[in-house]
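Q: This structure is in structure tokens; I'll ask about it shortly.
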Amino acid sequence: MGQNANFKNLLTIMFASAGKLSLFVLISIVLLLGVKTITDPLVAKAERQNLLDTLNQVMPKDRYDNDPLQDTLLLTDPKMLEMLGSEDPVMVYRARKNGKPAGLILTTIAPNGYSGNIYMLMGILAEDFRVAGVRVLKHKETPGLGDKIELNKNPWILEFNGRSLRDDNDPRWAVKKDGGDFDQFTGATITPRAVVGQVKRTLLFVKQQSEFLYE
């Protein structure tokens, strides 16, 4: 009898502990779901604003009155992606003012940097295909040399602002060492050469595909 009583007491204790643990887990899950429900919209809003702030670096917000995050086009055609240096689909953000095309914002990749791919964000105005702005998003270029393509390291990237690609200035779209208009960095010509070349190719792509890109 004593052993049976002890066994029953042990079972009672085990079930009571399991019940408390289950209740604790349930309460924790409910709390986590509650916190997630509250924070998810805030996180999404912050991420959206960060993306919009990034886009506004290459397309001034006074240039458009629509929501470019809602007016997008996903590029998947391999030939188009090749022009942009990408193997993955590229999202194009379309800026409009008074319902008319104002500009495009898209990522483009220079595949021939000194240390590999140079990922950039470009804004291109619709009226005359001028560059609204260029920013380097990611790269592996040499610190102190090639990393001057970053705006926080050097204002060089601002040389693209307001420039357009035309038949008469096509040869000038190169670094000065190659007979063009763009400065190169001391001891690092490959990096700016790659950036200039890809910005030029992206401008050519947008000029060729503008009707499709804004449809």
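Every chain in the structure tokens has a letter given in the order shown (A, B, ...), and although residue numbers restart at 1 in each chain, ligands are simply numbered from 1 in the order shown.
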So that I can check the secondary structure, give me every residue of stretch 69-165 of chain A assigned helix (DSSP H, G or I) by backbone DSSP, as a VMD selection string.
A: chain A and resid 78 to 83 146 to 149 155 to 160
Q: Write the residues you've just listed into a file as a compact mmCIF listing (two decimals), in the first residue's frame, and include N, CA and C atoms for each of them.
A:
```
# COMPACT_ATOMS: atom_id res chain seq x y z
N PRO A 78 16.20 37.92 -69.17
CA PRO A 78 17.65 37.73 -69.04
C PRO A 78 18.48 38.78 -69.79
N LYS A 79 18.01 39.21 -70.97
CA LYS A 79 18.76 40.20 -71.73
C LYS A 79 18.76 41.55 -71.03
N MET A 80 17.63 41.91 -70.44
CA MET A 80 17.57 43.16 -69.69
C MET A 80 18.45 43.09 -68.44
N LEU A 81 18.38 41.96 -67.76
CA LEU A 81 19.17 41.80 -66.54
C LEU A 81 20.66 41.83 -66.86
N GLU A 82 21.03 41.31 -68.01
CA GLU A 82 22.44 41.33 -68.41
C GLU A 82 22.94 42.76 -68.53
N MET A 83 22.11 43.65 -69.06
CA MET A 83 22.49 45.06 -69.19
C MET A 83 22.71 45.70 -67.82
N GLY A 146 39.73 52.13 -53.40
CA GLY A 146 38.50 51.95 -54.16
C GLY A 146 37.24 52.31 -53.40
N ASP A 147 37.31 52.34 -52.07
CA ASP A 147 36.09 52.63 -51.32
C ASP A 147 35.69 54.10 -51.39
N LYS A 148 36.44 54.91 -52.13
CA LYS A 148 36.07 56.32 -52.31
C LYS A 148 34.82 56.47 -53.18
N ILE A 149 34.32 55.37 -53.70
CA ILE A 149 33.05 55.42 -54.43
C ILE A 149 31.88 55.60 -53.46
N PRO A 155 33.22 62.63 -52.19
CA PRO A 155 32.07 63.13 -52.97
C PRO A 155 32.12 62.74 -54.45
N TRP A 156 33.04 61.88 -54.82
CA TRP A 156 33.22 61.52 -56.23
C TRP A 156 31.94 61.07 -56.91
N ILE A 157 31.12 60.28 -56.22
CA ILE A 157 29.91 59.72 -56.82
C ILE A 157 28.94 60.81 -57.27
N LEU A 158 29.08 62.01 -56.73
CA LEU A 158 28.19 63.12 -57.09
C LEU A 158 28.50 63.67 -58.47
N GLU A 159 29.63 63.26 -59.06
CA GLU A 159 29.98 63.72 -60.41
C GLU A 159 28.94 63.29 -61.45
N PHE A 160 28.16 62.27 -61.12
CA PHE A 160 27.16 61.79 -62.08
C PHE A 160 25.90 62.66 -62.11
```
Q: Give me the residues near A:Gly113 as a list in words, where near means some atom within 9 Å (using only C-alpha atoms) and where sequence neighbours in that chain fewer than 3 positions away do not count.
A: Ala110, Gly116, Asn117, Ile118, His139, Lys140, Glu141, Gly146, Ile190, Thr191, Pro192, Arg193, Ala194 and Val195 of chain A
Q: Go ahead and write the residues just picked, N, CA and C atoms, as a compact mmCIF listing (two decimals), in the first residue's frame.
A:
```
# COMPACT_ATOMS: atom_id res chain seq x y z
N ALA A 110 27.98 46.74 -61.31
CA ALA A 110 29.21 46.73 -62.09
C ALA A 110 29.95 45.45 -61.75
N GLY A 116 35.47 42.59 -57.36
CA GLY A 116 34.20 41.94 -57.64
C GLY A 116 33.07 42.90 -57.93
N ASN A 117 31.86 42.44 -57.68
CA ASN A 117 30.66 43.23 -57.99
C ASN A 117 30.57 44.50 -57.15
N ILE A 118 30.10 45.57 -57.82
CA ILE A 118 29.80 46.82 -57.14
C ILE A 118 28.31 47.08 -57.34
N HIS A 139 29.97 46.80 -51.83
CA HIS A 139 31.15 46.51 -52.63
C HIS A 139 32.21 45.88 -51.75
N LYS A 140 33.30 45.42 -52.37
CA LYS A 140 34.44 44.85 -51.63
C LYS A 140 35.74 45.50 -52.08
N GLU A 141 35.65 46.75 -52.50
CA GLU A 141 36.84 47.44 -53.01
C GLU A 141 37.81 47.78 -51.87
N GLY A 146 39.73 52.13 -53.40
CA GLY A 146 38.50 51.95 -54.16
C GLY A 146 37.24 52.31 -53.40
N ILE A 190 40.73 51.09 -61.61
CA ILE A 190 39.79 50.03 -62.00
C ILE A 190 38.41 50.26 -61.41
N THR A 191 38.36 50.65 -60.14
CA THR A 191 37.07 50.82 -59.47
C THR A 191 36.22 51.92 -60.10
N PRO A 192 36.72 53.17 -60.24
CA PRO A 192 35.89 54.19 -60.88
C PRO A 192 35.58 53.88 -62.34
N ARG A 193 36.50 53.22 -63.01
CA ARG A 193 36.25 52.82 -64.40
C ARG A 193 35.05 51.88 -64.47
N ALA A 194 34.98 50.93 -63.54
CA ALA A 194 33.86 49.98 -63.52
C ALA A 194 32.54 50.70 -63.24
N VAL A 195 32.56 51.63 -62.29
CA VAL A 195 31.34 52.35 -61.93
C VAL A 195 30.86 53.21 -63.10
```
Q: May I ask for the distance between atom CA of A:Asp168 and atom CA of A:Gln209, given in Å to one decimal place?
A: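 Spanning atom CA of A:Asp168 to atom CA of A:Gln209 is a straight-line distance of 20.6 Å.
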Q: Please extract the residues of stretch 44-199 of chain A with a backbone DSSP assignment of strand (DSSP E) and present them as a ChimeraX atom specification.
A: /A:72-75,90-97,100-113,116-125,131-138
Q: Using only C-alpha atoms, which protein or nucleic acid residues come within 7 Å of A:Arg96? Drop anything in the same chain fewer than 3 positions from it, and give the result as a list of chain:residue names.
A: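 Residues near the query, excluding close chain neighbours: A:Tyr64, A:Asp65, A:Asn66, A:Gly99, A:Lys100, A:Pro101, A:Ala102, A:Gly103.
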Q: Could those selected residues go to a file with N, CA and C atoms, as a PDB file, in the first residue's frame?
A:
```pdb
ATOM      1  N   TYR A  64       8.541  63.985 -57.595  1.00  0.00           N
ATOM      2  CA  TYR A  64       7.395  63.103 -57.819  1.00  0.00           C
ATOM      3  C   TYR A  64       6.337  63.314 -56.743  1.00  0.00           C
ATOM      4  N   ASP A  65       5.111  62.887 -57.049  1.00  0.00           N
ATOM      5  CA  ASP A  65       4.020  63.000 -56.079  1.00  0.00           C
ATOM      6  C   ASP A  65       3.262  61.688 -55.906  1.00  0.00           C
ATOM      7  N   ASN A  66       3.756  60.614 -56.510  1.00  0.00           N
ATOM      8  CA  ASN A  66       3.139  59.301 -56.311  1.00  0.00           C
ATOM      9  C   ASN A  66       3.915  58.527 -55.246  1.00  0.00           C
ATOM     10  N   GLY A  99       0.667  62.349 -62.639  1.00  0.00           N
ATOM     11  CA  GLY A  99       0.328  61.206 -63.477  1.00  0.00           C
ATOM     12  C   GLY A  99       1.279  60.947 -64.627  1.00  0.00           C
ATOM     13  N   LYS A 100       2.278  61.780 -64.788  1.00  0.00           N
ATOM     14  CA  LYS A 100       3.223  61.623 -65.902  1.00  0.00           C
ATOM     15  C   LYS A 100       4.563  61.086 -65.392  1.00  0.00           C
ATOM     16  N   PRO A 101       5.275  60.301 -66.225  1.00  0.00           N
ATOM     17  CA  PRO A 101       6.568  59.764 -65.806  1.00  0.00           C
ATOM     18  C   PRO A 101       7.531  60.866 -65.374  1.00  0.00           C
ATOM     19  N   ALA A 102       8.146  60.673 -64.217  1.00  0.00           N
ATOM     20  CA  ALA A 102       9.112  61.645 -63.710  1.00  0.00           C
ATOM     21  C   ALA A 102      10.512  61.051 -63.600  1.00  0.00           C
ATOM     22  N   GLY A 103      10.590  59.754 -63.348  1.00  0.00           N
ATOM     23  CA  GLY A 103      11.897  59.135 -63.225  1.00  0.00           C
ATOM     24  C   GLY A 103      11.805  57.682 -62.812  1.00  0.00           C
TER      25      GLY A 103
END
```
Q: How many Å lie between atom CA of A:Asp77 and atom CA of A:Phe212, rounded to one decimal?
A: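 Value for the atom CA of A:Asp77-atom CA of A:Phe212 distance: 12.1 Å.
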Q: Restricting the calculation to only C-alpha atoms: of A:Leu204, A:Leu213, A:Leu75, A:Ala188, which residue gets closest to A:Phe129?
A: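 Closest to A:Phe129, using only C-alpha atoms: A:Leu204.
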Q: Taking into account only C-alpha atoms, which residue in the set A:Met120, A:Leu55, A:Ile27, A:Val131 is nearest to A:Arg94?
A: A:Leu55
Q: Between atom CA of A:Asp71 and atom CA of A:Val92, what is the spacing in Å?
A: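 Computed distance, atom CA of A:Val92 to atom CA of A:Asp71, equals 8.5 Å.
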Q: Could you tell me which of A:Lys138, A:Asn154, A:Thr202, A:Thr107 comes closest to A:Asp183 if we count only C-alpha atoms?
A: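 The shortest atom-to-atom distance to A:Asp183 comes from A:Asn154.
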